[in-house]
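Below is one structure, written out as structure tokens, with a few remarks after it.
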Amino acid sequence: YWDSVFYAEGVSDAKTISSKKGEFSAKHHYASVEMHLLRHFVNHKIDGFTHLLDIGSGAGHWIDFYRSLGVEKAAGIEVSENCVMHLNQKYADDENVTIYLGATRDVFEKESLPTFNLISGIGVLFHIVDDLELKDCLQKFYEHLEPGGYLIVGGNFGHWPMNINTQVKFGKIVNKRLRSRYWWKRNLKKLGFRNIRIQYNSAYAFINDRTPENSILVCQK
């Protein structure tokens, strides 16, 4: 699906949003998320990231962003073969970046991943539409975080009490499942996560183009 619909004509930050998204619109979107992350880090005195696991790495934007903040070693998980080829070429001369191909849960089951002090999934975890599969992934995140490490999720986190399926293709293929903030907080607390905070991003409402909301959830092991 991703290679045929999103990345058939190449891989870029814009194409991680839509195959027809303009570069300026994509830059506005990514900049808004970066601003919210940086504000959260400063306001809550969060720093010291050194080992990153990036979920749904796409064109590598968030690997580059976190490395600019001091991350020394990064691993990325990506389900798109085209993206993995792009990332392997991009980081071919960088021994501190490792890219894994596959769905997140499958990679955790097949690979012997190390521990990290930052796991980040910006604008991707809502594509895991099966609740049990996502819970399994969150469990794996917790197990592979160092004590005191951070999990960062970019998504919707609505105020409604229920979860909502969107982007339904052909009446049966669900591409996105928006889960409420109550779902996230409840399930993260069950796993042992603490300091769960959500910072809402409204930048999408001030540009004449459709971009994801991507509010930010930050929590700590």
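Labels used: A, B, ... for chains in the order of the structure tokens, numbers from 1 for residues in each chain, and numbers from 1 for ligands as shown.
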Could you list, as a PyMOL selection string, every residue within 12 Å of Asp64 of chain A, counting only C-alpha atoms and ignoring same-chain residues fewer than 2 positions away? chain A and resi 13+34+52+54+57-62+66-76+87+90-91+96-97
Mind the document's chain letters and residue numbers, and return as a list in words the residues of segment 64-120 of chain A that DSSP labels alpha helix (DSSP H).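 Alpha helix (DSSP H) members of segment 64-120 of chain A, listed: Asp64, Phe65, Tyr66, Arg67, Ser68, Glu81, Asn82, Cys83, Val84, Met85, His86, Leu87, Asn88, Gln89, Lys90, Thr104, Arg105, Asp106, Val107, Phe108, Glu109 and Lys110 of chain A.
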From the set A:Val33, A:Leu53, A:Val153, A:Cys83, which residue has the shortest atom-to-atom contact distance to Ser12 of chain A, counting only C-alpha atoms?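 Smallest distance to Ser12 of chain A is found for A:Cys83.
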Once you count only C-alpha atoms, what closest atom pair and distance in Å to one decimal does each residue of segment 130-165 of chain A within 8 Å of segment 176-193 of chain A have, with rows by chain and rising residue number, as a tab-separated table?
```
residue	atom	partner	partner_atom	distance
A:Lys135	CA	A:Asn187	CA	7.5
A:Leu138	CA	A:Leu188	CA	7.6
A:Gln139	CA	A:Leu191	CA	6.6
A:Tyr142	CA	A:Leu191	CA	7.2
A:Gly155	CA	A:Leu178	CA	7.8
A:Asn156	CA	A:Leu178	CA	6.4
A:Phe157	CA	A:Arg181	CA	4.3
A:Gly158	CA	A:Ser180	CA	4.6
A:His159	CA	A:Ser180	CA	6.0
A:Trp160	CA	A:Ser180	CA	6.0
A:Pro161	CA	A:Ser180	CA	6.0
A:Met162	CA	A:Ser180	CA	6.2
A:Asn163	CA	A:Arg179	CA	4.4
A:Ile164	CA	A:Leu178	CA	5.1
A:Asn165	CA	A:Arg177	CA	4.4
```
Between atom CA of Phe141 of chain A and atom CA of Pro212 of chain A, what is the spacing in Å?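 So the answer is 23.7 Å.
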So which bits of chain A end up strand (DSSP E or B) when you DSSP the backbone, as JSON, numbers by chain? {"A": [51, 52, 53, 54, 55, 73, 74, 75, 76, 77, 78, 97, 98, 99, 100, 101, 116, 117, 118, 119, 120, 121, 122, 145, 146, 147, 148, 149, 150, 151, 152, 153, 154, 155, 158, 164, 165, 166, 167, 168, 169, 173, 174, 175, 176, 177, 178, 180, 194, 195, 196, 197, 198, 199, 215, 216, 217, 218, 219, 220]}
Between A:Gly56, A:Val124, A:Gln220, A:Ala203, which is the closest to Gly102 of chain A once you count only C-alpha atoms? A:Gly56
For atom CA of Asn201 of chain A and atom CA of Gly148 of chain A, determine how far apart the two atoms are, in Å to one decimal place.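 Value for the atom CA of Asn201 of chain A-atom CA of Gly148 of chain A distance: 25.3 Å.
Distance annotation: of A:Tyr100, A:Phe65, A:Phe206, A:Tyr7, the residue with the minimal separation from Val79 of chain A is A:Tyr100; atom set is only C-alpha atoms.
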For Leu101 of chain A: contacts at 7 Å, only C-alpha atoms, fewer than 5 positions along chain excluded, given as a ChimeraX atom specification: /A:77-79,81,84
Could you pull the residues within 9 Å of Thr115 of chain A, counting only C-alpha atoms, minus those fewer than 3 positions along the same chain, as an MDAnalysis selection string? chainID A and resid 51:53 143:146
Would you save the residues of that selection, restricted to all heavy atoms, as a CSV table (one decimal), in the first residue's frame?
```
chain,number,residue,atom,x,y,z
A,51,HIS,N,20.4,7.5,22.5
A,51,HIS,CA,20.1,6.3,21.7
A,51,HIS,C,18.6,6.3,21.3
A,51,HIS,O,17.7,6.3,22.2
A,51,HIS,CB,20.4,5.0,22.5
A,51,HIS,CG,21.8,4.9,22.7
A,51,HIS,ND1,22.5,5.6,23.7
A,51,HIS,CD2,22.8,4.1,22.1
A,51,HIS,CE1,23.8,5.2,23.7
A,51,HIS,NE2,24.0,4.3,22.7
A,52,LEU,N,18.3,6.4,20.0
A,52,LEU,CA,17.0,6.6,19.5
A,52,LEU,C,16.5,5.4,18.8
A,52,LEU,O,17.2,4.8,18.0
A,52,LEU,CB,17.0,7.8,18.6
A,52,LEU,CG,15.8,8.0,17.6
A,52,LEU,CD1,14.5,8.4,18.4
A,52,LEU,CD2,16.1,9.0,16.5
A,53,LEU,N,15.2,5.1,19.0
A,53,LEU,CA,14.5,4.2,18.1
A,53,LEU,C,13.3,5.0,17.5
A,53,LEU,O,12.5,5.5,18.2
A,53,LEU,CB,13.9,3.0,18.8
A,53,LEU,CG,13.0,2.1,18.0
A,53,LEU,CD1,13.8,1.4,16.8
A,53,LEU,CD2,12.4,1.0,18.9
A,143,GLU,N,9.5,-2.2,27.4
A,143,GLU,CA,10.6,-3.2,27.7
A,143,GLU,C,11.9,-2.7,27.2
A,143,GLU,O,13.0,-3.0,27.7
A,143,GLU,CB,10.2,-4.5,27.1
A,143,GLU,CG,9.0,-5.2,27.8
A,143,GLU,CD,8.6,-6.5,27.1
A,143,GLU,OE1,9.2,-6.8,26.0
A,143,GLU,OE2,7.7,-7.1,27.6
A,144,HIS,N,12.0,-2.0,26.0
A,144,HIS,CA,13.2,-1.6,25.4
A,144,HIS,C,13.6,-0.2,25.7
A,144,HIS,O,14.6,0.4,25.2
A,144,HIS,CB,13.1,-1.8,23.9
A,144,HIS,CG,13.2,-3.2,23.4
A,144,HIS,ND1,12.2,-4.1,23.6
A,144,HIS,CD2,14.2,-3.9,22.9
A,144,HIS,CE1,12.5,-5.3,23.1
A,144,HIS,NE2,13.8,-5.2,22.7
A,145,LEU,N,12.9,0.5,26.6
A,145,LEU,CA,13.3,1.8,27.1
A,145,LEU,C,14.2,1.6,28.4
A,145,LEU,O,13.9,0.8,29.3
A,145,LEU,CB,12.1,2.7,27.5
A,145,LEU,CG,11.5,3.6,26.4
A,145,LEU,CD1,10.3,4.3,26.9
A,145,LEU,CD2,12.6,4.6,25.9
A,146,GLU,N,15.2,2.4,28.5
A,146,GLU,CA,16.0,2.4,29.7
A,146,GLU,C,15.2,3.1,30.8
A,146,GLU,O,14.3,3.9,30.5
A,146,GLU,CB,17.3,3.2,29.4
A,146,GLU,CG,18.2,2.6,28.4
A,146,GLU,CD,19.4,3.4,28.0
A,146,GLU,OE1,19.5,4.5,28.6
A,146,GLU,OE2,20.2,3.0,27.1
```
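The closest residue to Val218 of chain A, picked from A:Asp106, A:Lys140, A:Leu118, A:Ile55 and counting only C-alpha atoms, is A:Leu118.
Using only C-alpha atoms for every distance, the candidate list A:Thr16, A:Gln89, A:Asn214, A:Ser80 yields A:Ser80 as the residue closest to Ala103 of chain A.
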Residues near Thr211 of chain A, cut-off 8 Å, only C-alpha atoms, skip fewer than 2 positions along chain, as a ChimeraX atom specification: /A:17,25-26,29,204,209,213
Keeping C-alpha atoms, export the residues of the selection given above as a PDB file, in the first residue's frame.
```pdb
ATOM      1  CA  ILE A  17       1.979  13.082   4.325  1.00  0.00           C
ATOM      2  CA  SER A  25       3.074  22.693   3.182  1.00  0.00           C
ATOM      3  CA  ALA A  26       5.112  19.739   4.426  1.00  0.00           C
ATOM      4  CA  HIS A  29       3.737  20.786   9.149  1.00  0.00           C
ATOM      5  CA  TYR A 204      -2.943  22.620  10.793  1.00  0.00           C
ATOM      6  CA  ASP A 209      -3.904  22.961   2.951  1.00  0.00           C
ATOM      7  CA  GLU A 213      -2.779  17.474  13.398  1.00  0.00           C
TER       8      GLU A 213
END
```
Coordinates-based distance that separates atom CA of Ile196 of chain A from atom CA of Gly149 of chain A (Å, one decimal): 12.5 Å
